[in-house]
Structures are given as structure tokens and as C-alpha cells.
>>> print(open('start_17.cif').read())   # mmCIF, C-alpha atoms and all ligand atoms
data_model
#
loop_
_atom_site.label_atom_id
_atom_site.label_comp_id
_atom_site.auth_asym_id
_atom_site.auth_seq_id
_atom_site.Cartn_x
_atom_site.Cartn_y
_atom_site.Cartn_z
CA MET A 1 -26.86 -75.96 -71.30
CA SER A 2 -28.65 -77.58 -68.39
CA SER A 3 -29.72 -80.56 -70.49
CA SER A 4 -26.14 -81.18 -71.62
CA SER A 5 -24.87 -80.98 -68.05
CA SER A 6 -27.47 -83.49 -66.87
CA GLN A 7 -26.35 -85.82 -69.68
CA ARG A 8 -22.78 -85.58 -68.51
CA SER A 9 -21.52 -89.09 -68.01
CA ALA A 10 -20.59 -90.04 -64.46
CA SER A 11 -17.07 -90.98 -65.53
CA ARG A 12 -16.35 -87.54 -66.99
CA PRO A 13 -14.86 -85.12 -64.47
CA HIS A 14 -17.00 -82.27 -63.22
CA PRO A 15 -16.26 -79.10 -65.23
CA LEU A 16 -15.30 -77.35 -61.98
CA ALA A 17 -12.90 -80.14 -60.91
CA PRO A 18 -9.85 -78.22 -62.24
CA TYR A 19 -10.92 -75.37 -59.95
CA GLY A 20 -10.85 -77.67 -56.92
CA TRP A 21 -14.47 -78.85 -56.81
CA ASP A 22 -14.65 -82.18 -54.99
CA ALA A 23 -17.14 -84.56 -53.40
CA ASP A 24 -17.02 -82.68 -50.07
CA TRP A 25 -17.87 -79.35 -51.69
CA GLU A 26 -20.61 -81.04 -53.67
CA ALA A 27 -22.12 -82.49 -50.50
CA GLU A 28 -22.00 -79.12 -48.76
CA PHE A 29 -23.59 -77.48 -51.75
CA ALA A 30 -26.53 -79.92 -51.88
CA PRO A 31 -29.00 -77.66 -50.00
CA TYR A 32 -28.25 -74.81 -52.41
CA ALA A 33 -28.49 -77.07 -55.45
CA ALA A 34 -31.95 -78.05 -54.16
CA GLN A 35 -32.85 -74.35 -54.30
CA GLY A 36 -31.82 -74.21 -57.95
CA LEU A 37 -28.61 -72.28 -57.25
CA LEU A 38 -25.44 -72.75 -59.26
CA PRO A 39 -22.03 -73.49 -57.68
CA GLY A 40 -19.05 -71.47 -58.83
CA ARG A 41 -15.62 -70.36 -57.68
CA VAL A 42 -14.76 -66.69 -57.31
CA VAL A 43 -11.72 -66.08 -59.52
CA ARG A 44 -11.53 -62.31 -59.36
CA VAL A 45 -12.82 -59.52 -57.15
CA ASP A 46 -12.78 -55.85 -58.03
CA ARG A 47 -14.83 -52.82 -57.09
CA GLY A 48 -17.65 -54.64 -55.38
CA GLN A 49 -18.10 -57.20 -58.12
CA CYS A 50 -16.59 -60.56 -58.88
CA ASP A 51 -16.14 -63.12 -61.64
CA VAL A 52 -17.48 -66.54 -60.73
CA VAL A 53 -16.58 -69.58 -62.82
CA THR A 54 -19.53 -71.95 -63.04
CA ALA A 55 -20.18 -75.08 -65.09
CA GLU A 56 -22.11 -72.79 -67.44
CA GLY A 57 -19.32 -70.29 -67.91
CA THR A 58 -18.01 -67.23 -66.09
CA VAL A 59 -20.65 -64.92 -64.62
CA ARG A 60 -20.35 -61.46 -63.15
CA ALA A 61 -21.87 -61.06 -59.68
CA ASP A 62 -22.02 -58.64 -56.76
CA THR A 63 -19.60 -59.53 -53.98
CA GLU A 64 -21.93 -58.36 -51.21
CA PHE A 65 -25.09 -60.16 -50.35
CA VAL A 66 -27.59 -60.10 -47.55
CA THR A 67 -28.21 -63.38 -45.83
CA PRO A 68 -31.92 -64.08 -45.74
CA HIS A 69 -33.59 -64.02 -42.32
CA ASP A 70 -35.48 -67.18 -43.00
CA PRO A 71 -33.44 -69.89 -44.67
CA SER A 72 -36.49 -71.91 -45.68
CA PRO A 73 -36.70 -72.42 -49.46
CA SER A 74 -39.95 -70.49 -49.93
CA SER A 75 -38.62 -67.22 -48.58
CA ARG A 76 -34.97 -67.59 -49.40
CA LEU A 77 -34.45 -65.59 -52.56
CA ARG A 78 -36.46 -62.43 -52.50
CA SER A 79 -36.38 -61.66 -48.81
CA SER A 80 -36.29 -57.88 -48.42
CA ARG A 81 -35.63 -57.95 -44.69
CA GLY A 82 -32.29 -59.69 -44.63
CA GLY A 83 -29.76 -60.79 -42.06
CA PRO A 84 -26.13 -59.66 -41.92
CA ILE A 85 -24.21 -58.59 -45.02
CA ARG A 86 -21.66 -61.08 -46.32
CA VAL A 87 -18.87 -60.54 -48.83
CA VAL A 88 -17.28 -63.16 -51.04
CA CYS A 89 -13.55 -63.15 -51.78
CA THR A 90 -11.23 -64.80 -54.28
CA GLY A 91 -11.27 -68.56 -53.77
CA ASP A 92 -14.76 -68.74 -52.32
CA TRP A 93 -17.25 -71.33 -53.51
CA ALA A 94 -20.36 -69.30 -54.14
CA ALA A 95 -24.00 -70.18 -54.71
CA VAL A 96 -25.10 -68.02 -57.61
CA ASP A 97 -28.65 -67.23 -58.64
CA PRO A 98 -28.82 -68.49 -62.22
CA GLU A 99 -31.61 -66.02 -63.01
CA GLY A 100 -31.28 -62.28 -63.23
CA GLY A 101 -29.19 -60.07 -65.44
CA ASP A 102 -25.67 -58.85 -65.14
CA PRO A 103 -24.38 -58.74 -62.42
CA ARG A 104 -26.10 -61.71 -60.81
CA TYR A 105 -26.60 -62.37 -57.17
CA VAL A 106 -24.51 -64.47 -54.85
CA ARG A 107 -26.86 -66.10 -52.32
CA ALA A 108 -24.34 -67.85 -50.10
CA TYR A 109 -20.79 -69.13 -49.91
CA LEU A 110 -19.73 -72.49 -48.60
CA PRO A 111 -17.96 -72.58 -45.21
CA ARG A 112 -14.33 -71.65 -45.79
CA ARG A 113 -11.73 -74.35 -45.18
CA SER A 114 -9.12 -71.64 -44.68
CA SER A 115 -8.89 -67.88 -45.11
CA PHE A 116 -6.31 -65.13 -45.26
CA VAL A 117 -7.62 -62.21 -43.26
CA ARG A 118 -6.15 -58.76 -43.22
CA SER A 119 -6.30 -57.29 -39.74
CA THR A 120 -7.97 -53.90 -39.80
CA SER A 121 -9.67 -51.34 -37.64
CA SER A 122 -12.64 -51.44 -40.01
CA LYS A 123 -15.78 -52.95 -38.56
CA ARG A 124 -16.65 -54.66 -41.81
CA SER A 125 -13.96 -57.23 -41.30
CA GLU A 126 -15.49 -59.59 -43.84
CA GLY A 127 -14.37 -57.29 -46.64
CA GLN A 128 -10.81 -57.83 -45.47
CA ILE A 129 -10.60 -61.50 -46.34
CA LEU A 130 -8.03 -61.68 -49.10
CA ALA A 131 -8.35 -65.31 -50.17
CA ALA A 132 -10.34 -68.33 -49.09
CA ASN A 133 -10.05 -72.09 -49.35
CA VAL A 134 -6.28 -72.18 -49.73
CA ASP A 135 -4.56 -75.53 -49.08
CA HIS A 136 -0.90 -74.50 -49.39
CA THR A 137 0.87 -71.31 -48.46
CA ILE A 138 3.98 -71.20 -50.62
CA ILE A 139 6.50 -68.93 -48.93
CA ALA A 140 9.13 -67.75 -51.41
CA VAL A 141 12.50 -66.97 -49.84
CA PRO A 142 15.42 -65.97 -52.05
CA LEU A 143 18.77 -67.68 -51.51
CA THR A 144 20.56 -64.39 -52.09
CA GLY A 145 22.30 -62.44 -49.35
CA ASP A 146 21.70 -63.46 -45.76
CA LEU A 147 18.76 -65.71 -44.99
CA ASP A 148 16.36 -63.68 -42.87
CA LEU A 149 15.00 -66.41 -40.62
CA GLY A 150 12.86 -63.90 -38.70
CA ARG A 151 11.06 -62.93 -41.86
CA ILE A 152 10.49 -66.59 -42.75
CA GLU A 153 8.99 -67.14 -39.30
CA ARG A 154 6.64 -64.21 -39.80
CA PHE A 155 5.36 -65.61 -43.10
CA LEU A 156 5.03 -69.05 -41.50
CA ALA A 157 2.87 -67.59 -38.74
CA LEU A 158 0.58 -66.04 -41.33
CA GLY A 159 0.45 -69.32 -43.20
CA TRP A 160 -0.47 -71.42 -40.16
CA GLU A 161 -3.01 -68.84 -39.01
CA SER A 162 -4.87 -69.06 -42.31
CA GLY A 163 -5.42 -72.78 -41.92
CA ALA A 164 -3.36 -73.64 -45.02
CA GLN A 165 -0.24 -75.84 -44.84
CA PRO A 166 2.91 -73.74 -45.28
CA VAL A 167 5.69 -74.79 -47.65
CA VAL A 168 8.95 -72.86 -47.82
CA VAL A 169 10.41 -72.54 -51.30
CA LEU A 170 14.03 -71.39 -51.34
CA THR A 171 14.22 -69.58 -54.68
CA LYS A 172 17.19 -68.79 -56.94
CA ALA A 173 19.01 -71.95 -55.80
CA ASP A 174 21.20 -71.60 -58.91
CA LEU A 175 22.93 -68.65 -57.20
CA VAL A 176 24.22 -70.86 -54.36
CA PRO A 177 27.81 -71.81 -55.24
CA ASP A 178 27.75 -75.51 -54.22
CA ALA A 179 25.57 -78.37 -53.02
CA VAL A 180 27.04 -78.48 -49.51
CA THR A 181 26.23 -74.82 -48.89
CA LEU A 182 22.74 -75.39 -50.25
CA ALA A 183 22.21 -78.35 -47.90
CA HIS A 184 23.29 -76.20 -44.95
CA LEU A 185 20.90 -73.40 -45.92
CA VAL A 186 18.02 -75.86 -46.26
CA GLN A 187 18.87 -77.26 -42.84
CA ASP A 188 18.93 -73.79 -41.25
CA VAL A 189 15.48 -73.06 -42.58
CA GLU A 190 14.17 -76.49 -41.55
CA THR A 191 15.22 -75.73 -37.96
CA SER A 192 13.14 -72.55 -38.04
CA ALA A 193 10.19 -74.25 -39.65
CA PRO A 194 9.10 -77.37 -37.71
CA GLY A 195 6.54 -79.42 -39.63
CA VAL A 196 7.10 -77.52 -42.87
CA PRO A 197 8.57 -78.89 -46.11
CA VAL A 198 11.51 -76.85 -47.40
CA LEU A 199 12.19 -77.02 -51.15
CA PRO A 200 15.11 -75.43 -52.95
CA VAL A 201 14.03 -74.33 -56.43
CA SER A 202 15.62 -72.57 -59.37
CA ALA A 203 13.34 -71.14 -61.99
CA THR A 204 16.44 -70.43 -64.09
CA SER A 205 17.74 -74.00 -64.24
CA GLY A 206 14.34 -75.60 -63.63
CA ASP A 207 15.69 -77.57 -60.66
CA GLY A 208 12.98 -78.35 -58.13
CA VAL A 209 10.17 -76.81 -60.18
CA ASP A 210 8.70 -80.26 -60.82
CA VAL A 211 8.68 -81.02 -57.08
CA LEU A 212 6.89 -77.75 -56.40
CA ALA A 213 4.45 -78.42 -59.25
CA ALA A 214 3.62 -81.77 -57.64
CA VAL A 215 3.00 -80.09 -54.26
CA VAL A 216 0.66 -77.45 -55.66
CA SER A 217 -1.17 -79.92 -57.90
CA GLY A 218 -3.05 -81.16 -54.82
CA GLY A 219 -5.23 -78.12 -54.19
CA THR A 220 -5.22 -74.34 -54.03
CA SER A 221 -2.04 -72.38 -53.30
CA VAL A 222 -1.00 -68.83 -52.64
CA LEU A 223 2.48 -67.37 -53.02
CA LEU A 224 3.77 -65.16 -50.23
CA GLY A 225 7.14 -63.48 -49.89
CA GLN A 226 8.91 -60.17 -50.03
CA SER A 227 9.17 -58.22 -53.27
CA GLY A 228 11.91 -59.65 -55.48
CA ALA A 229 11.72 -63.09 -53.89
CA GLY A 230 10.85 -64.61 -57.24
CA LYS A 231 7.08 -65.13 -56.83
CA SER A 232 6.10 -63.96 -60.33
CA THR A 233 8.86 -66.05 -61.85
CA LEU A 234 7.63 -69.11 -59.91
CA ALA A 235 4.03 -68.42 -60.90
CA ASN A 236 5.07 -68.26 -64.54
CA ALA A 237 7.12 -71.46 -64.22
CA LEU A 238 4.10 -73.26 -62.71
CA ALA A 239 1.59 -71.80 -65.16
CA GLY A 240 3.86 -72.58 -68.08
CA ALA A 241 3.33 -69.12 -69.55
CA ASP A 242 3.99 -65.47 -68.84
CA VAL A 243 0.64 -65.09 -67.05
CA MET A 244 1.84 -62.39 -64.71
CA ALA A 245 3.40 -60.31 -67.47
CA VAL A 246 0.32 -60.79 -69.63
CA GLN A 247 -1.86 -59.54 -66.80
CA ALA A 248 0.19 -56.38 -66.41
CA ILE A 249 -0.05 -55.54 -70.11
CA ARG A 250 -3.80 -56.06 -70.22
CA ASP A 251 -4.30 -53.94 -67.13
CA VAL A 252 -2.33 -51.06 -68.61
CA ASP A 253 -4.40 -50.70 -71.77
CA GLY A 254 -7.56 -51.01 -69.67
CA LYS A 255 -9.14 -53.44 -72.11
CA GLY A 256 -9.62 -57.11 -71.69
CA ARG A 257 -10.93 -56.68 -68.17
CA HIS A 258 -13.33 -59.46 -67.18
CA THR A 259 -11.29 -61.81 -69.34
CA THR A 260 -9.44 -64.85 -68.14
CA THR A 261 -6.11 -63.03 -68.31
CA THR A 262 -6.96 -60.78 -65.36
CA ARG A 263 -8.01 -63.52 -62.99
CA ASN A 264 -6.56 -63.69 -59.50
CA LEU A 265 -7.10 -67.43 -59.52
CA LEU A 266 -5.36 -69.55 -62.14
CA VAL A 267 -5.81 -73.18 -63.04
CA LEU A 268 -2.35 -74.69 -63.45
CA PRO A 269 -1.62 -77.01 -66.38
CA GLY A 270 0.00 -79.58 -64.05
CA GLY A 271 -3.04 -79.56 -61.75
CA GLY A 272 -3.95 -77.31 -58.86
CA VAL A 273 -4.95 -73.71 -58.56
CA LEU A 274 -2.84 -70.64 -57.82
CA ILE A 275 -4.30 -67.53 -56.19
CA ASP A 276 -2.39 -64.31 -56.63
CA THR A 277 -4.07 -61.13 -55.41
CA PRO A 278 -2.42 -57.73 -54.92
CA GLY A 279 -3.58 -57.65 -51.27
CA LEU A 280 -1.88 -60.93 -50.45
CA ARG A 281 1.43 -59.51 -51.60
CA GLY A 282 1.42 -56.81 -48.97
CA VAL A 283 1.36 -59.16 -46.04
CA GLY A 284 2.36 -58.42 -42.51
CA LEU A 285 -0.86 -56.97 -41.17
CA TRP A 286 -2.75 -59.99 -40.04
CA ASP A 287 -3.67 -61.37 -36.72
CA ALA A 288 -1.52 -64.45 -36.49
CA GLY A 289 -1.54 -65.28 -32.79
CA ASN A 290 -2.12 -69.00 -33.11
CA GLY A 291 0.16 -69.13 -36.13
CA VAL A 292 3.07 -67.70 -34.14
CA GLY A 293 2.61 -70.46 -31.59
CA GLN A 294 2.79 -73.10 -34.29
CA VAL A 295 5.95 -71.67 -35.84
CA PHE A 296 7.63 -71.79 -32.45
CA SER A 297 6.09 -75.04 -31.33
CA GLU A 298 9.31 -76.14 -29.58
CA ILE A 299 9.24 -72.95 -27.46
CA GLU A 300 5.59 -73.48 -26.55
CA GLU A 301 6.43 -77.07 -25.57
CA LEU A 302 9.30 -75.90 -23.39
CA ALA A 303 7.03 -73.26 -21.83
CA GLU A 304 4.77 -76.02 -20.51
CA ARG A 305 7.65 -77.04 -18.25
CA CYS A 306 8.20 -73.54 -16.82
CA ARG A 307 7.48 -73.32 -13.10
CA PHE A 308 4.89 -70.57 -13.60
CA HIS A 309 2.13 -71.21 -16.10
CA ASP A 310 2.14 -67.53 -17.15
CA CYS A 311 5.94 -67.39 -17.34
CA ALA A 312 7.13 -64.61 -19.66
CA HIS A 313 10.56 -66.30 -19.96
CA GLY A 314 12.18 -63.08 -18.79
CA ALA A 315 13.78 -63.47 -15.38
CA GLU A 316 11.41 -65.95 -13.75
CA PRO A 317 12.89 -68.74 -11.65
CA GLY A 318 12.40 -72.25 -13.04
CA CYS A 319 12.00 -71.07 -16.64
CA ALA A 320 12.48 -74.05 -19.00
CA VAL A 321 12.81 -71.78 -22.04
CA LEU A 322 15.71 -69.80 -20.61
CA ALA A 323 17.29 -73.04 -19.43
CA ALA A 324 17.17 -74.33 -23.02
CA VAL A 325 18.83 -71.12 -24.24
CA ASP A 326 21.51 -71.51 -21.57
CA ASP A 327 22.31 -75.11 -22.46
CA GLY A 328 22.33 -74.28 -26.16
CA THR A 329 19.37 -76.42 -27.27
CA LEU A 330 17.29 -73.33 -28.12
CA PRO A 331 19.05 -70.66 -30.20
CA GLU A 332 18.64 -67.25 -28.57
CA ARG A 333 17.70 -65.84 -31.98
CA ARG A 334 14.62 -68.08 -32.02
CA LEU A 335 13.45 -66.78 -28.66
CA ASP A 336 14.03 -63.15 -29.72
CA SER A 337 12.13 -63.74 -32.93
CA TYR A 338 9.27 -65.39 -31.04
CA ARG A 339 9.03 -62.46 -28.65
CA LYS A 340 9.16 -59.93 -31.48
CA LEU A 341 6.37 -61.63 -33.44
CA MET A 342 4.23 -62.07 -30.33
CA ARG A 343 4.61 -58.38 -29.49
CA GLU A 344 3.94 -57.31 -33.05
CA ASN A 345 0.88 -59.49 -33.22
CA GLN A 346 -0.44 -58.12 -29.96
CA ARG A 347 -0.05 -54.60 -31.30
CA ILE A 348 -2.07 -55.53 -34.39
CA VAL A 349 -4.78 -57.19 -32.40
CA ALA A 350 -4.89 -54.25 -29.99
CA LYS A 351 -5.80 -51.97 -32.86
CA THR A 352 -9.12 -53.71 -33.23
CA ASP A 353 -9.86 -54.98 -29.79
CA ALA A 354 -10.37 -52.60 -26.89
CA ARG A 355 -10.53 -55.44 -24.39
CA VAL A 356 -7.11 -56.74 -25.41
CA ARG A 357 -5.86 -53.16 -25.27
CA ALA A 358 -6.94 -52.82 -21.68
CA GLU A 359 -5.29 -56.15 -20.88
CA LEU A 360 -2.07 -55.05 -22.54
CA ARG A 361 -2.00 -51.80 -20.57
CA ARG A 362 -2.31 -53.80 -17.39
CA GLU A 363 0.46 -56.12 -18.54
CA TRP A 364 2.76 -53.26 -19.50
CA ARG A 365 2.36 -51.77 -16.07
CA LEU A 366 3.35 -55.10 -14.53
CA ARG A 367 6.21 -55.52 -16.99
CA GLY A 368 7.40 -52.03 -16.15
CA ALA A 369 7.70 -52.99 -12.51
CA GLU A 370 9.23 -56.36 -13.38
CA GLY A 371 11.64 -54.74 -15.80
CA LYS A 372 12.85 -52.32 -13.17
CA ALA A 373 13.35 -55.15 -10.69
CA ALA A 374 15.26 -57.20 -13.29
CA MET A 375 17.48 -54.24 -14.18
CA GLU A 376 18.27 -53.64 -10.52
CA ALA A 377 19.06 -57.32 -10.02
CA LYS A 378 21.42 -57.20 -13.03
CA ARG A 379 23.13 -54.09 -11.74
CA GLY A 380 23.50 -55.83 -8.41
CA ARG A 381 25.14 -58.79 -10.16
CA VAL A 382 27.56 -56.54 -12.09
CA ARG A 383 28.59 -54.77 -8.92
P1 LIG B 401 8.60 -61.14 -57.13
O1 LIG B 401 8.72 -59.68 -56.81
O2 LIG B 401 8.59 -61.95 -55.87
O3 LIG B 401 7.46 -61.46 -58.02
O4 LIG B 401 9.97 -61.53 -57.88
P2 LIG B 401 10.25 -61.77 -59.43
O5 LIG B 401 9.66 -63.04 -59.90
O6 LIG B 401 9.86 -60.54 -60.18
O7 LIG B 401 11.85 -61.96 -59.45
C1 LIG B 401 12.74 -60.96 -58.97
C2 LIG B 401 14.06 -61.10 -59.69
O8 LIG B 401 14.66 -62.35 -59.41
C3 LIG B 401 13.92 -61.05 -61.21
O9 LIG B 401 14.96 -60.29 -61.72
C4 LIG B 401 14.06 -62.50 -61.62
O10 LIG B 401 14.60 -62.65 -62.92
C5 LIG B 401 15.00 -63.05 -60.59
N1 LIG B 401 14.81 -64.50 -60.40
C6 LIG B 401 13.63 -65.13 -60.15
N2 LIG B 401 13.81 -66.47 -60.04
C7 LIG B 401 15.13 -66.70 -60.22
C8 LIG B 401 15.95 -67.90 -60.23
O11 LIG B 401 15.51 -69.03 -60.04
N3 LIG B 401 17.29 -67.72 -60.42
C9 LIG B 401 17.82 -66.49 -60.60
N4 LIG B 401 19.15 -66.42 -60.78
N5 LIG B 401 17.09 -65.35 -60.62
C10 LIG B 401 15.77 -65.45 -60.43
ZN ZN B 402 9.54 -69.59 -18.94
#
>>> encode(input="start_17.cif", output="C-alpha cells", more="lines below")
Ligand code: GDP
Ligand code: ZN
Amino acid sequence: MSSSSSQRSASRPHPLAPYGWDADWEAEFAPYAAQGLLPGRVVRVDRGQCDVVTAEGTVRADTEFVTPHDPSPSSRLRSSRGGPIRVVCTGDWAAVDPEGGDPRYVRAYLPRRSSFVRSTSSKRSEGQILAANVDHTIIAVPLTGDLDLGRIERFLALGWESGAQPVVVLTKADLVPDAVTLAHLVQDVETSAPGVPVLPVSATSGDGVDVLAAVVSGGTSVLLGQSGAGKSTLANALAGADVMAVQAIRDVDGKGRHTTTTRNLLVLPGGGVLIDTPGLRGVGLWDAGNGVGQVFSEIEELAERCRFHDCAHGAEPGCAVLAAVDDGTLPERRLDSYRKLMRENQRIVAKTDARVRAELRREWRLRGAEGKAAMEAKRGRVR
């Protein structure tokens, strides 16, 4: 196998190219290649083990590994006194020890370009990374019923926080009665999603699927969205087969595990890679502080013009945010949504961080006093 790979002509694509392997990854992997390790992408994780696709086929490996104390080549592999424990997740580029039986050992993973982290009270936070090296966060939003802009903003925050570029896909566009209504809906979402492409798509009619396929062909994507948003249908449309249904059937009979049909990472026929893990579907529990700021970038920009640099945009004099609400340039709904997500995010962070908790307590005490003062002022105005 190794002789055939060394004979591979330079013009032929690398066997891992469909999985997203590129010149940058190759350069980062060079020190590990020098140690005789094999690059591979983690395509499935379950019960402490993972499937890693390498140029020499799919290998089974342990997800946990101990980083060696001494990174010098002579001591690297069989160091018994190791450094901290690391855990690979779906999407990681791993350095696998080609020797050894089944499962093999992961020795390292390349620095993650992006990661989806589940916020948790567990100390072993590394085990809570749901997906790594994602380029696009595809947020599926159904065009049925009322558009829940607040929910879209929440998913956007998670997307930005991960480091992957969000894209909003408005699904079931065939259910919108006419083109004018559709254009309005797209515009509403665009207003809530600065810097984010918004694509209407119908899996039923096929409209827009080619545009989405082109977007995802340039890297690794994940699909986020509430249950029933049409994620499985989109995944099947992109994969050109009933991959999701096939997975379910194979899982039920308990056979066919470790086969390609149960992967969480799929290579798409039109190019690109789609990651779909059960954990990613239950979103809403991540620390997305920076992401929230990016979703509401216009509010953060306005806030820079508030008189007080720590303005809470409540009742402070000289508040540029409230002024924008008053003159109609900033919809009040946006500000409410921003506040709600900020509060929610602080609650999540507080679960894991005692220092933030102490800070919040202090802030609540201040807010309590401020709130009372504001209420009294209001009452005074009414009177
Ligand atoms: P998921 O829970 O996000 O994976 O959603 P599904 O893909 O299972 O879709 C939920 C429901 O919406 C199913 O009944 C689909 O048939 C339906 N659906 C999905 N995409 C479309 C579409 O483009 N048009 C219409 N009319 N229905 C769709
Ligand atoms: Zn303000």
C-alpha cells in the first residue's frame, strides 16, 4: 500500500482530498508525517472509539489519547508518563499510529480551524466538542407558520461562535404562495442576519438546491435547525441518496456498524463534506458570547456611541441604542432578542464559571437597585 501511495502521480488528487485535505493541512501535518504517522479524518465517534478515514482505508482508533510529555521524536510514541488527555471528535484531522492492532492509537490532532462546543458543567470539556473543522453552518429555517427571527438569531450566534460561516437556508419555499411574499420573507431574515447569505430552497421542487450544493462544495458543513425544519430532507437532496433513512435502518438492526452507512461525516457527490451528529441536533447549550455580538453587530456598533461605555441600554442617559429604537432605525424586537440571548448565554457560562457567577451576582444586585429606580421614575412620569 505504501509503495503504491508513493508512486501516486503528482497530478492525481490526494485520496483524502474529497474529505477536505488541502495543502495547509498537509503542511501542518508535516512534523507528524516525519514521525511515520498517518493522517486521517474522524468520520464517526461512538463509545470512546472512532472511525478514521486514511489514505490506506478506514481504521478504528481510540478517541482519547495522552499527549506525550516530551514531543521529541525519540520519546514520542511510547511515553508512559504523558501530558494531558485529549479527545478527538468528528471532523478532526488525526495523526494515527499505523502500527498496532485494532483499535489503533491517535497520537495528535491538527489545530482545529473551528469547533462546535457543547457547554457543560463537566470538567472534561474536551469530550464535549461535537464537531471540528467546519467551514459552513447551514441553518435550516422552515418557511411554514411565522418566521421565528429570535430562533434564527440564536442559531446564528452558535454558528459565529464556532468559527464557521453561517448560511441561512429557508426551507420548504414551495409552500410560500407567491414570489413577492418569498422576497419579503428573505428580506426579513436578511435584516436579522447581517453578513450572512440567505437562500430560499425547496427540496420538493428542487429550487435552490443547486445553489446550496455550490455553497457546501467548498468545505465542511453542518446542518442546524429545529426538528422538522427539513434538515434530513436537505441532507438527502445534497447527498443524492436516502443516506439519513439508510442510517436509521442500519442502526435498528444493529448490524453494519463501522460501515460507511453509519458515518457522521459524509462526502457529497457534488463536492464538500457534511457532518451530521446527533449531538449537533440538540443545540442551544453552547457558550456563544462572541457569536451573539456578531449576530447583533449593528447593536454593538450603536453601543459604542452610548455615553457610558458600560451602558446596559436600559434607562441610561445618552444611550445610542435606545435612541435608535426611538427613531425607528432599530426594531425593538431586535434589542429584546439581543438581551434575551445575552442573558441566556450568561446563564450557561455561569454554570461552568464561578468567577462569572460572582460577577453576575454583583451585577444583579446593581440591576436590582437600578430597576427599582427606573420603576419609580416611570411611576413618577405616569403620575
Ligand atoms: P428534520 O427534522 O429537520 O430532519 O426535518 P425533515 O427533513 O424530516 O422534514 C420534516 C418534514 O418536512 C417532512 O415531512 C418533510 O417531508 C417536509 N419537507 C422537507 N423539505 C420540504 C420541502 O422542501 N417542501 C415541503 N413541502 N416539505 C418539505
Ligand atoms: Zn446604551
>>> residues_near_ligand(input="start_17.cif", ligand="ligand LIG 401 (chain B)", cutoff="12 Å", atoms="all atoms listed in the file", output="VMD selection string")
chain A and resid 138 to 144 169 to 177 200 to 209 223 to 238 242 to 245 276 to 278 280 to 282
>>> atom_distance(input="start_17.cif", atom1="CA of Gly272 in chain A", atom2="CA of Asn133 in chain A")
12.4 Å
>>> closest_residue(input="start_17.cif", among="A:His14, A:Arg334, A:His313, A:Lys340", to="ligand ZN 402 (chain B)", atoms="all atoms listed in the file")
A:His313
>>> residues_near_ligand(input="start_17.cif", ligand="ligand ZN 402 (chain B)", cutoff="12 Å", atoms="all atoms listed in the file", output="list in words")
Ile299, Glu300, Glu301, Leu302, Ala303, Glu304, Arg305, Cys306, Arg307, Phe308, His309, Asp310, Cys311, Ala312, His313, Gly314, Ala315, Glu316, Pro317, Gly318, Cys319, Ala320, Val321, Leu322, Ala323, Ala324, Val325 and Leu335 of chain A
>>> residues_around(input="start_17.cif", residues="Tyr105 in chain A", least_positions_apart="6", cutoff="8 Å", atoms="only C-alpha atoms", output="tab-separated table (two decimals) with C-alpha atoms, in the coordinates of the input")
chain	number	residue	atom	x	y	z
A	61	ALA	CA	-21.87	-61.06	-59.68
A	62	ASP	CA	-22.02	-58.64	-56.76
A	65	PHE	CA	-25.09	-60.16	-50.35
A	96	VAL	CA	-25.10	-68.02	-57.61
A	97	ASP	CA	-28.65	-67.23	-58.64
>>> residues_around(input="start_17.cif", residues="Ala131 in chain A", least_positions_apart="5", cutoff="12 Å", atoms="all atoms listed in the file", output="MDAnalysis selection string")
chainID A and resid 41:45 87:93 112:118 126 136:137 159 162:164 220:223 264:265 274:281
>>> axis_aligned_box(input="start_17.cif", around="range 159-162 of chain A", padding_each_side="3 Å", output="AutoDock Vina command-line options")
--center_x -2.2 --center_y -70.1 --center_z -41.1 --size_x 11.3 --size_y 8.6 --size_z 10.2
>>> atom_distance(input="start_17.cif", atom1="CA of Leu199 in chain A", atom2="CA of Glu332 in chain A")
25.4 Å
>>> closest_residue(input="start_17.cif", among="A:Val215, A:Leu16, A:Ala33, A:Leu330", to="Glu56 in chain A", atoms="only C-alpha atoms")
A:Leu16
